[in-house]
Amino acid sequence: MLIELPRQTEVFGSVKIHELQRILKLDSGGFENPMAKDIPFDELKDVLKRFAVIIPTKDEKIHLLDGVLRAIPFDCTVIVVSNSKRKEYDLYKMEKEAIASLHERVQQEIIVIHQKDPELGLAFYDAGYDYLLSKNGLVRNGKAEGMMIGMLLAKSVGKDFIGFADADNYIPGSVREYVLDYAAGFCMSESPYSMVRLHWRYKPKVVEDKLYFKKWGRVSEATNRYLNLLLSTNSGFETGVVVTGNAGEHAMTTKLADIMCYSPGYSVEPYHFVYLFDVFGHKAEKIAYPNAEAAGVEIFQIETLNPHIHEEKGGKHIKNMLLGSLCTIYNSKLCNDYVRSKVLEELGDILDPWEKPPEVTVMPPIGGIDADRFMNVLERKSETLERYEETRR
Ligand code: GDP
Ligand code: CO
């Protein structure tokens with residue numbers, strides 16, 4: 001792969017944010033130049049072997065899920081966390097059948113579990129981590145909750161890198177690229193604590209019967225603007241480095257995943273930045289994670305070659321998306337009165353004058369959970385867990 005080198009890197013405390021990098025060639029010829037890095041396929045493959053791709057899915061078309069599954073490079077472990085309906089007709093059963101039949105033909109390692117499995121709730125309870133549980137003892141609905149289940153399963157199979165891919169992607173080839181882009185980021189990283197976030201060049205929409213190659217939506221544009229303002233007001237130097245505030249497609253080293261706090265709903269992705277700024281920024285009050293502090297946390301932002309075309313579900317409220325994103329910035333320790341007033345201005349047509357953005361729900365790090373024990377509990381008792389081994393090696 002040939003990928004542009006970041007033109008600039010912003011350093012904020014021990015967080016390094018690299019400027020957006022474009023993919024020049026998905027397959028390259030070993031030609032290095034000062035502007036770009038050539039990453040041989042073997043190097044990418046070494047990362048893929050230590051990589052788990054988590055697919056959160058809820059009631060998606062089975063054809064879409066099937067395409068995504070088939071697109072993920074063979075060397076990765078695939079972890080499907082499904083919250084699909086089981087009543088009326090059992091969509092989860094169909095998903096499992098699709099996975100079983102795919103595994104039979106390709107022999108890739110695939111793990112699948114249902115989010116509402118009572119044993120999952122018990123395994124979290126047993127681990128002393130009840131932040132994902134509702135009153136009935138089951139894991140709550142939500143993509144972020146599904147992602148956290150996936151991360152624990154990835155840890156239990158000893159993976160060093162964890163990435164996410166949505167199940168509703170219409171272009172399997174783009175999913176393959178996302179995973180390779182993640183791997184490229186980790187090949188470039190100098191720190192064991194790193195994150196790769198993808199930026200779409202285009203997110204096409206149908207406008208008056210034609211495909212319109214849209215670049216920005218209101219929410220992502222606003223999220224990035226205020227994340228940058230948070231950085232600028234704290235460093236005293238204006239920056240526009242953050243372009244992936246709402247990047248759903250992202251990956252982390254397991255070491256970083258272990259020390260992150262997570263927020264549910266629309267806050268999940270922007271909160272990654274806010275958390276890292278608060279904990280590792282230059283105004284952090286105490287050294288919480290000395291190893292990460294010493295090594296630094298690196299964030300790569302990569303622009304994919306493929307456009308992002310996913311299922312448009314409707315019923316999405318810009319209002320909730322903006323609130324979920326901007327409340328993370330408003331409640332950041334680094335947010336001063338000026339940034340707060342700007343955020344309130346942005347939310348002017350959403351909030352009443354006396355209203356404040358909601359507090360951010362924070363789920364603490366999962367690093368303390370014994371992932372082997374977690375998996376043991378599930379393997380003994382869970383009825384929805386299915387684990388298909390890789391049989392090639
Ligand atoms: P958008 O792409 O940001 O508009 O969000 P989507 O509605 O497409 O959701 C992203 C991914 O998360 C899709 O693969 C969904 O099927 C999946 N997803 C949504 N809600 C849940 C949930 O409650 N649990 C799990 N496990 N996955 C979910
Ligand atoms: Co989607």
# chains A, B, ... in the order shown; residues from 1 in each chain; ligands from 1
call {"tool": "select_by_dssp", "arguments": {"residues": "range 145-246 of chain A", "states": "helix (DSSP H, G or I)", "output": "MDAnalysis selection string"}}
result
chainID A and resid 145:156 172:188 218:235
call {"tool": "residues_around", "arguments": {"residues": "Leu378 in chain A", "least_positions_apart": "2", "cutoff": "7 Å", "atoms": "only C-alpha atoms", "output": "list of chain:residue names"}}
result
A:Glu119, A:Leu120, A:Ala123, A:Phe374, A:Met375, A:Asn376, A:Arg380, A:Lys381, A:Ser382
call {"tool": "write_last_selection", "arguments": {"atoms": "all heavy atoms", "output": "compact mmCIF listing (two decimals), in the first residue's frame"}}
result
# COMPACT_ATOMS: atom_id res chain seq x y z
N GLU A 119 -26.58 -14.84 29.64
CA GLU A 119 -25.27 -15.21 30.19
C GLU A 119 -24.24 -14.08 30.00
O GLU A 119 -23.30 -13.98 30.77
CB GLU A 119 -24.75 -16.51 29.56
CG GLU A 119 -25.62 -17.71 29.83
CD GLU A 119 -25.85 -17.98 31.32
OE1 GLU A 119 -24.95 -17.66 32.14
OE2 GLU A 119 -26.94 -18.49 31.67
N LEU A 120 -24.44 -13.27 28.99
CA LEU A 120 -23.55 -12.11 28.80
C LEU A 120 -23.73 -11.15 29.96
O LEU A 120 -22.75 -10.67 30.54
CB LEU A 120 -23.92 -11.38 27.51
CG LEU A 120 -23.00 -11.48 26.32
CD1 LEU A 120 -23.56 -10.65 25.17
CD2 LEU A 120 -21.59 -11.05 26.63
N ALA A 123 -22.05 -12.63 32.87
CA ALA A 123 -20.59 -12.58 32.76
C ALA A 123 -20.08 -11.18 33.13
O ALA A 123 -19.06 -11.04 33.82
CB ALA A 123 -20.15 -12.97 31.36
N PHE A 374 -14.15 -14.30 31.59
CA PHE A 374 -15.37 -13.82 30.95
C PHE A 374 -15.79 -14.81 29.86
O PHE A 374 -16.94 -15.25 29.78
CB PHE A 374 -15.08 -12.45 30.35
CG PHE A 374 -16.26 -11.72 29.77
CD1 PHE A 374 -17.09 -10.95 30.57
CD2 PHE A 374 -16.53 -11.78 28.40
CE1 PHE A 374 -18.17 -10.26 30.03
CE2 PHE A 374 -17.61 -11.09 27.86
CZ PHE A 374 -18.43 -10.33 28.67
N MET A 375 -14.83 -15.21 29.04
CA MET A 375 -15.10 -16.14 27.94
C MET A 375 -15.44 -17.53 28.49
O MET A 375 -16.31 -18.21 27.96
CB MET A 375 -13.89 -16.20 27.01
CG MET A 375 -14.12 -16.96 25.73
SD MET A 375 -15.49 -16.28 24.76
CE MET A 375 -14.95 -16.63 23.11
N ASN A 376 -14.75 -17.93 29.57
CA ASN A 376 -15.03 -19.24 30.16
C ASN A 376 -16.47 -19.35 30.62
O ASN A 376 -17.15 -20.35 30.37
CB ASN A 376 -14.12 -19.49 31.37
CG ASN A 376 -12.79 -20.03 30.90
OD1 ASN A 376 -12.71 -20.59 29.81
ND2 ASN A 376 -11.75 -19.83 31.69
N ARG A 380 -19.18 -21.98 28.88
CA ARG A 380 -19.85 -23.03 29.64
C ARG A 380 -21.36 -22.91 29.53
O ARG A 380 -22.06 -23.91 29.47
CB ARG A 380 -19.43 -22.96 31.12
CG ARG A 380 -18.20 -23.84 31.39
CD ARG A 380 -17.88 -23.93 32.87
NE ARG A 380 -17.30 -22.67 33.34
CZ ARG A 380 -17.82 -21.92 34.30
NH1 ARG A 380 -18.93 -22.27 34.91
NH2 ARG A 380 -17.23 -20.80 34.67
N LYS A 381 -21.86 -21.67 29.49
CA LYS A 381 -23.31 -21.52 29.68
C LYS A 381 -24.09 -20.88 28.52
O LYS A 381 -25.29 -21.07 28.42
CB LYS A 381 -23.55 -20.67 30.93
CG LYS A 381 -22.99 -21.31 32.20
CD LYS A 381 -23.62 -20.66 33.39
CE LYS A 381 -23.07 -21.17 34.70
NZ LYS A 381 -22.95 -20.08 35.68
N SER A 382 -23.41 -20.08 27.71
CA SER A 382 -24.16 -19.30 26.73
C SER A 382 -24.78 -20.17 25.65
O SER A 382 -24.14 -21.09 25.13
CB SER A 382 -23.24 -18.27 26.09
OG SER A 382 -23.78 -17.85 24.87
call {"tool": "closest_atom_pairs", "arguments": {"of": "range 305-369 of chain A", "to": "range 248-254 of chain A", "cutoff": "12 Å", "atoms": "only C-alpha atoms", "output": "Markdown table"}}
result
| residue | atom | partner | partner_atom | distance |
| --- | --- | --- | --- | --- |
| A:His308 | CA | A:Glu249 | CA | 10.3 |
| A:Pro365 | CA | A:Thr254 | CA | 11.6 |
| A:Ile366 | CA | A:Thr254 | CA | 10.4 |
| A:Gly367 | CA | A:Thr254 | CA | 9.0 |
call {"tool": "write_last_selection", "arguments": {"atoms": "all heavy atoms", "output": "PDB file, in the first residue's frame"}}
result
ATOM      1  N   HIS A 308     -18.349   5.747   1.036  1.00  0.00           N
ATOM      2  CA  HIS A 308     -19.076   5.001   2.068  1.00  0.00           C
ATOM      3  C   HIS A 308     -20.555   4.985   1.713  1.00  0.00           C
ATOM      4  O   HIS A 308     -21.227   6.020   1.740  1.00  0.00           O
ATOM      5  CB  HIS A 308     -18.864   5.702   3.414  1.00  0.00           C
ATOM      6  CG  HIS A 308     -19.419   4.941   4.573  1.00  0.00           C
ATOM      7  ND1 HIS A 308     -18.934   3.712   4.954  1.00  0.00           N
ATOM      8  CD2 HIS A 308     -20.412   5.228   5.445  1.00  0.00           C
ATOM      9  CE1 HIS A 308     -19.613   3.280   6.002  1.00  0.00           C
ATOM     10  NE2 HIS A 308     -20.508   4.177   6.323  1.00  0.00           N
ATOM     11  N   PRO A 365     -12.901   1.997  31.938  1.00  0.00           N
ATOM     12  CA  PRO A 365     -12.097   1.077  31.119  1.00  0.00           C
ATOM     13  C   PRO A 365     -12.409  -0.394  31.396  1.00  0.00           C
ATOM     14  O   PRO A 365     -12.787  -0.772  32.507  1.00  0.00           O
ATOM     15  CB  PRO A 365     -10.665   1.402  31.534  1.00  0.00           C
ATOM     16  CG  PRO A 365     -10.705   2.788  32.038  1.00  0.00           C
ATOM     17  CD  PRO A 365     -12.049   2.950  32.686  1.00  0.00           C
ATOM     18  N   ILE A 366     -12.208  -1.199  30.361  1.00  0.00           N
ATOM     19  CA  ILE A 366     -12.473  -2.639  30.487  1.00  0.00           C
ATOM     20  C   ILE A 366     -11.182  -3.408  30.757  1.00  0.00           C
ATOM     21  O   ILE A 366     -11.204  -4.635  30.865  1.00  0.00           O
ATOM     22  CB  ILE A 366     -13.144  -3.200  29.213  1.00  0.00           C
ATOM     23  CG1 ILE A 366     -12.306  -2.860  27.968  1.00  0.00           C
ATOM     24  CG2 ILE A 366     -14.557  -2.661  29.065  1.00  0.00           C
ATOM     25  CD1 ILE A 366     -12.728  -3.621  26.733  1.00  0.00           C
ATOM     26  N   GLY A 367     -10.080  -2.663  30.886  1.00  0.00           N
ATOM     27  CA  GLY A 367      -8.778  -3.322  31.057  1.00  0.00           C
ATOM     28  C   GLY A 367      -8.702  -4.211  32.295  1.00  0.00           C
ATOM     29  O   GLY A 367      -7.950  -5.186  32.321  1.00  0.00           O
TER      30      GLY A 367
END
call {"tool": "residues_near_ligand", "arguments": {"ligand": "ligand 1", "cutoff": "10 Å", "atoms": "only C-alpha atoms and all ligand atoms", "output": "ChimeraX atom specification"}}
result
/A:54-61,64-65,68,80-84,113-116,139-150,164-169,246-249,265-266,308-316,321
call {"tool": "write_last_selection", "arguments": {"atoms": "N, CA and C atoms", "output": "compact mmCIF listing (two decimals), in the first residue's frame"}}
result
# COMPACT_ATOMS: atom_id res chain seq x y z
N ILE A 54 -14.62 -6.34 14.65
CA ILE A 54 -15.91 -6.50 15.32
C ILE A 54 -17.01 -5.91 14.44
N ILE A 55 -18.04 -6.70 14.22
CA ILE A 55 -19.18 -6.22 13.43
C ILE A 55 -20.40 -6.13 14.34
N PRO A 56 -20.76 -4.90 14.74
CA PRO A 56 -22.01 -4.78 15.49
C PRO A 56 -23.16 -4.81 14.49
N THR A 57 -24.21 -5.56 14.78
CA THR A 57 -25.30 -5.62 13.82
C THR A 57 -26.63 -5.69 14.53
N LYS A 58 -27.61 -4.99 13.94
CA LYS A 58 -28.96 -5.05 14.49
C LYS A 58 -29.96 -4.98 13.34
N ASP A 59 -30.63 -6.08 13.11
CA ASP A 59 -31.70 -6.14 12.10
C ASP A 59 -31.28 -5.65 10.72
N GLU A 60 -30.05 -5.94 10.33
CA GLU A 60 -29.62 -5.55 8.99
C GLU A 60 -30.04 -6.61 7.98
N LYS A 61 -30.08 -6.21 6.71
CA LYS A 61 -30.38 -7.18 5.66
C LYS A 61 -29.28 -8.22 5.64
N LEU A 64 -26.44 -7.83 3.24
CA LEU A 64 -25.41 -6.84 3.55
C LEU A 64 -24.40 -7.45 4.52
N LEU A 65 -24.90 -8.08 5.58
CA LEU A 65 -24.01 -8.72 6.55
C LEU A 65 -23.12 -9.75 5.86
N VAL A 68 -20.31 -8.09 3.97
CA VAL A 68 -19.30 -7.56 4.88
C VAL A 68 -18.41 -8.70 5.41
N VAL A 80 -18.87 -11.12 15.49
CA VAL A 80 -20.18 -10.51 15.20
C VAL A 80 -20.95 -10.40 16.51
N VAL A 81 -21.32 -9.18 16.87
CA VAL A 81 -22.17 -8.98 18.05
C VAL A 81 -23.52 -8.51 17.54
N SER A 82 -24.51 -9.38 17.68
CA SER A 82 -25.81 -9.09 17.09
C SER A 82 -26.84 -8.72 18.15
N ASN A 83 -27.63 -7.72 17.81
CA ASN A 83 -28.77 -7.37 18.66
C ASN A 83 -30.05 -7.49 17.83
N SER A 84 -30.01 -8.42 16.88
CA SER A 84 -31.15 -8.57 15.96
C SER A 84 -32.32 -9.26 16.65
N ILE A 113 -22.15 -13.77 18.86
CA ILE A 113 -22.93 -13.82 20.12
C ILE A 113 -24.09 -12.84 20.01
N HIS A 114 -25.13 -13.10 20.80
CA HIS A 114 -26.27 -12.17 20.82
C HIS A 114 -26.18 -11.27 22.04
N GLN A 115 -26.41 -9.97 21.80
CA GLN A 115 -26.26 -8.96 22.86
C GLN A 115 -27.19 -9.21 24.05
N LYS A 116 -28.35 -9.82 23.79
CA LYS A 116 -29.33 -10.01 24.87
C LYS A 116 -29.21 -11.38 25.53
N VAL A 139 -27.70 -6.94 28.95
CA VAL A 139 -26.97 -5.81 28.38
C VAL A 139 -27.98 -4.90 27.67
N ARG A 140 -27.80 -3.60 27.81
CA ARG A 140 -28.69 -2.63 27.17
C ARG A 140 -28.60 -2.70 25.64
N ASN A 141 -29.58 -2.10 24.97
CA ASN A 141 -29.49 -1.91 23.51
C ASN A 141 -28.40 -0.90 23.24
N GLY A 142 -27.87 -0.92 22.05
CA GLY A 142 -26.93 0.12 21.65
C GLY A 142 -25.72 -0.44 20.97
N LYS A 143 -25.26 0.32 19.97
CA LYS A 143 -24.08 -0.11 19.22
C LYS A 143 -22.85 -0.07 20.12
N ALA A 144 -22.72 0.97 20.94
CA ALA A 144 -21.53 1.09 21.79
C ALA A 144 -21.43 -0.10 22.75
N GLU A 145 -22.58 -0.52 23.27
CA GLU A 145 -22.60 -1.66 24.19
C GLU A 145 -22.15 -2.92 23.43
N GLY A 146 -22.63 -3.06 22.20
CA GLY A 146 -22.21 -4.20 21.36
C GLY A 146 -20.71 -4.16 21.09
N MET A 147 -20.20 -2.96 20.87
CA MET A 147 -18.76 -2.82 20.60
C MET A 147 -17.94 -3.28 21.81
N MET A 148 -18.45 -2.97 23.01
CA MET A 148 -17.69 -3.34 24.21
C MET A 148 -17.69 -4.85 24.43
N ILE A 149 -18.82 -5.48 24.11
CA ILE A 149 -18.88 -6.95 24.18
C ILE A 149 -17.82 -7.52 23.23
N GLY A 150 -17.80 -6.97 22.03
CA GLY A 150 -16.85 -7.43 21.01
C GLY A 150 -15.41 -7.28 21.47
N PHE A 164 -13.48 -1.89 14.00
CA PHE A 164 -14.92 -2.02 13.84
C PHE A 164 -15.34 -1.82 12.40
N ALA A 165 -16.35 -2.58 12.00
CA ALA A 165 -16.92 -2.40 10.66
C ALA A 165 -18.42 -2.59 10.77
N ASP A 166 -19.19 -1.62 10.29
CA ASP A 166 -20.65 -1.74 10.36
C ASP A 166 -21.14 -2.82 9.42
N ALA A 167 -22.30 -3.40 9.77
CA ALA A 167 -22.84 -4.51 8.98
C ALA A 167 -23.69 -4.02 7.82
N ASP A 168 -23.97 -2.71 7.76
CA ASP A 168 -24.94 -2.23 6.77
C ASP A 168 -24.26 -1.61 5.55
N ASN A 169 -23.02 -2.01 5.30
CA ASN A 169 -22.25 -1.43 4.19
C ASN A 169 -22.62 -2.13 2.87
N ASN A 246 -16.60 12.05 14.26
CA ASN A 246 -17.69 11.06 14.32
C ASN A 246 -17.36 9.76 13.60
N ALA A 247 -16.07 9.46 13.46
CA ALA A 247 -15.69 8.28 12.67
C ALA A 247 -16.15 6.97 13.31
N GLY A 248 -17.23 6.41 12.78
CA GLY A 248 -17.71 5.13 13.30
C GLY A 248 -16.73 4.01 12.97
N GLU A 249 -16.09 4.13 11.82
CA GLU A 249 -15.13 3.12 11.42
C GLU A 249 -13.77 3.50 12.01
N GLY A 265 -24.23 5.72 22.70
CA GLY A 265 -25.01 6.52 21.75
C GLY A 265 -24.14 7.30 20.79
N TYR A 266 -24.60 8.49 20.43
CA TYR A 266 -23.88 9.30 19.44
C TYR A 266 -22.60 9.91 20.01
N HIS A 308 -18.35 5.75 1.04
CA HIS A 308 -19.08 5.00 2.07
C HIS A 308 -20.55 4.99 1.71
N ILE A 309 -21.05 3.83 1.36
CA ILE A 309 -22.47 3.73 1.03
C ILE A 309 -23.11 2.71 1.96
N HIS A 310 -23.95 3.20 2.84
CA HIS A 310 -24.58 2.28 3.79
C HIS A 310 -26.08 2.46 3.76
N GLU A 311 -26.75 1.59 4.49
CA GLU A 311 -28.21 1.62 4.54
C GLU A 311 -28.67 2.94 5.17
N GLU A 312 -29.53 3.67 4.47
CA GLU A 312 -30.09 4.89 5.06
C GLU A 312 -31.37 4.50 5.78
N LYS A 313 -31.33 4.58 7.10
CA LYS A 313 -32.46 4.02 7.85
C LYS A 313 -33.59 5.02 8.09
N GLY A 314 -33.31 6.29 7.97
CA GLY A 314 -34.34 7.26 8.30
C GLY A 314 -34.57 7.27 9.81
N GLY A 315 -35.44 8.15 10.24
CA GLY A 315 -35.75 8.20 11.67
C GLY A 315 -34.58 8.68 12.52
N LYS A 316 -33.48 9.07 11.88
CA LYS A 316 -32.32 9.59 12.63
C LYS A 316 -32.59 11.07 12.89
N MET A 321 -28.20 13.62 17.31
CA MET A 321 -26.81 13.37 16.91
C MET A 321 -25.93 14.54 17.32
call {"tool": "residues_around", "arguments": {"residues": "Glu97 in chain A", "least_positions_apart": "6", "cutoff": "12 Å", "atoms": "only C-alpha atoms", "output": "MDAnalysis selection string"}}
result
chainID A and resid 62 65:66 90:91 103:104 112 386
call {"tool": "write_last_selection", "arguments": {"atoms": "all heavy atoms", "output": "PDB file, in the first residue's frame"}}
result
ATOM      1  N   ILE A  62     -29.685  -9.461   5.564  1.00  0.00           N
ATOM      2  CA  ILE A  62     -28.714 -10.551   5.670  1.00  0.00           C
ATOM      3  C   ILE A  62     -27.702 -10.511   4.508  1.00  0.00           C
ATOM      4  O   ILE A  62     -26.538 -10.870   4.661  1.00  0.00           O
ATOM      5  CB  ILE A  62     -29.454 -11.913   5.782  1.00  0.00           C
ATOM      6  CG1 ILE A  62     -28.562 -12.964   6.428  1.00  0.00           C
ATOM      7  CG2 ILE A  62     -30.012 -12.385   4.483  1.00  0.00           C
ATOM      8  CD1 ILE A  62     -28.633 -12.999   7.910  1.00  0.00           C
ATOM      9  N   LEU A  65     -24.902  -8.080   5.578  1.00  0.00           N
ATOM     10  CA  LEU A  65     -24.008  -8.716   6.553  1.00  0.00           C
ATOM     11  C   LEU A  65     -23.119  -9.749   5.862  1.00  0.00           C
ATOM     12  O   LEU A  65     -21.904  -9.811   6.095  1.00  0.00           O
ATOM     13  CB  LEU A  65     -24.829  -9.369   7.669  1.00  0.00           C
ATOM     14  CG  LEU A  65     -24.017 -10.165   8.694  1.00  0.00           C
ATOM     15  CD1 LEU A  65     -23.122  -9.228   9.512  1.00  0.00           C
ATOM     16  CD2 LEU A  65     -24.922 -10.950   9.653  1.00  0.00           C
ATOM     17  N   ASP A  66     -23.722 -10.535   4.977  1.00  0.00           N
ATOM     18  CA  ASP A  66     -22.976 -11.573   4.268  1.00  0.00           C
ATOM     19  C   ASP A  66     -21.839 -10.958   3.439  1.00  0.00           C
ATOM     20  O   ASP A  66     -20.710 -11.446   3.449  1.00  0.00           O
ATOM     21  CB  ASP A  66     -23.956 -12.349   3.363  1.00  0.00           C
ATOM     22  CG  ASP A  66     -23.265 -13.460   2.602  1.00  0.00           C
ATOM     23  OD1 ASP A  66     -22.721 -14.364   3.264  1.00  0.00           O
ATOM     24  OD2 ASP A  66     -23.244 -13.410   1.346  1.00  0.00           O
ATOM     25  N   ASP A  90     -36.821 -15.401  13.819  1.00  0.00           N
ATOM     26  CA  ASP A  90     -35.537 -15.336  14.513  1.00  0.00           C
ATOM     27  C   ASP A  90     -34.438 -14.926  13.526  1.00  0.00           C
ATOM     28  O   ASP A  90     -33.808 -15.772  12.893  1.00  0.00           O
ATOM     29  CB  ASP A  90     -35.255 -16.712  15.145  1.00  0.00           C
ATOM     30  CG  ASP A  90     -34.108 -16.655  16.133  1.00  0.00           C
ATOM     31  OD1 ASP A  90     -33.367 -15.642  16.141  1.00  0.00           O
ATOM     32  OD2 ASP A  90     -33.946 -17.623  16.897  1.00  0.00           O
ATOM     33  N   LEU A  91     -34.221 -13.599  13.433  1.00  0.00           N
ATOM     34  CA  LEU A  91     -33.198 -13.120  12.508  1.00  0.00           C
ATOM     35  C   LEU A  91     -31.810 -13.557  12.961  1.00  0.00           C
ATOM     36  O   LEU A  91     -30.928 -13.840  12.146  1.00  0.00           O
ATOM     37  CB  LEU A  91     -33.277 -11.582  12.391  1.00  0.00           C
ATOM     38  CG  LEU A  91     -32.282 -10.917  11.453  1.00  0.00           C
ATOM     39  CD1 LEU A  91     -32.365 -11.486  10.037  1.00  0.00           C
ATOM     40  CD2 LEU A  91     -32.492  -9.410  11.411  1.00  0.00           C
ATOM     41  N   HIS A 103     -18.407 -20.160   7.147  1.00  0.00           N
ATOM     42  CA  HIS A 103     -17.239 -20.759   7.799  1.00  0.00           C
ATOM     43  C   HIS A 103     -16.909 -22.117   7.195  1.00  0.00           C
ATOM     44  O   HIS A 103     -15.760 -22.475   7.009  1.00  0.00           O
ATOM     45  CB  HIS A 103     -17.463 -20.891   9.307  1.00  0.00           C
ATOM     46  CG  HIS A 103     -16.320 -21.555   9.992  1.00  0.00           C
ATOM     47  ND1 HIS A 103     -16.294 -22.905  10.283  1.00  0.00           N
ATOM     48  CD2 HIS A 103     -15.107 -21.069  10.379  1.00  0.00           C
ATOM     49  CE1 HIS A 103     -15.135 -23.206  10.836  1.00  0.00           C
ATOM     50  NE2 HIS A 103     -14.400 -22.116  10.915  1.00  0.00           N
ATOM     51  N   GLU A 104     -17.969 -22.850   6.887  1.00  0.00           N
ATOM     52  CA  GLU A 104     -17.755 -24.185   6.324  1.00  0.00           C
ATOM     53  C   GLU A 104     -16.942 -24.094   5.029  1.00  0.00           C
ATOM     54  O   GLU A 104     -16.107 -24.936   4.742  1.00  0.00           O
ATOM     55  CB  GLU A 104     -19.123 -24.798   6.032  1.00  0.00           C
ATOM     56  CG  GLU A 104     -19.098 -26.305   5.922  1.00  0.00           C
ATOM     57  CD  GLU A 104     -20.517 -26.794   5.715  1.00  0.00           C
ATOM     58  OE1 GLU A 104     -21.377 -26.479   6.555  1.00  0.00           O
ATOM     59  OE2 GLU A 104     -20.748 -27.456   4.683  1.00  0.00           O
ATOM     60  N   VAL A 112     -19.512 -15.438  17.174  1.00  0.00           N
ATOM     61  CA  VAL A 112     -20.772 -14.694  17.108  1.00  0.00           C
ATOM     62  C   VAL A 112     -21.520 -14.854  18.437  1.00  0.00           C
ATOM     63  O   VAL A 112     -21.469 -15.918  19.067  1.00  0.00           O
ATOM     64  CB  VAL A 112     -21.623 -15.135  15.883  1.00  0.00           C
ATOM     65  CG1 VAL A 112     -21.824 -16.630  15.836  1.00  0.00           C
ATOM     66  CG2 VAL A 112     -22.973 -14.422  15.849  1.00  0.00           C
ATOM     67  N   GLU A 386     -21.316 -18.782  19.486  1.00  0.00           N
ATOM     68  CA  GLU A 386     -20.821 -19.808  18.574  1.00  0.00           C
ATOM     69  C   GLU A 386     -19.404 -19.409  18.218  1.00  0.00           C
ATOM     70  O   GLU A 386     -19.133 -18.244  17.949  1.00  0.00           O
ATOM     71  CB  GLU A 386     -21.711 -19.823  17.328  1.00  0.00           C
ATOM     72  CG  GLU A 386     -21.953 -21.164  16.700  1.00  0.00           C
ATOM     73  CD  GLU A 386     -22.795 -22.099  17.569  1.00  0.00           C
ATOM     74  OE1 GLU A 386     -23.978 -21.798  17.809  1.00  0.00           O
ATOM     75  OE2 GLU A 386     -22.223 -23.134  17.988  1.00  0.00           O
TER      76      GLU A 386
END
call {"tool": "closest_residue", "arguments": {"among": "A:Tyr170, A:Lys85, A:Asp370, A:Met195", "to": "ligand 2", "atoms": "only C-alpha atoms and all ligand atoms"}}
result
A:Tyr170
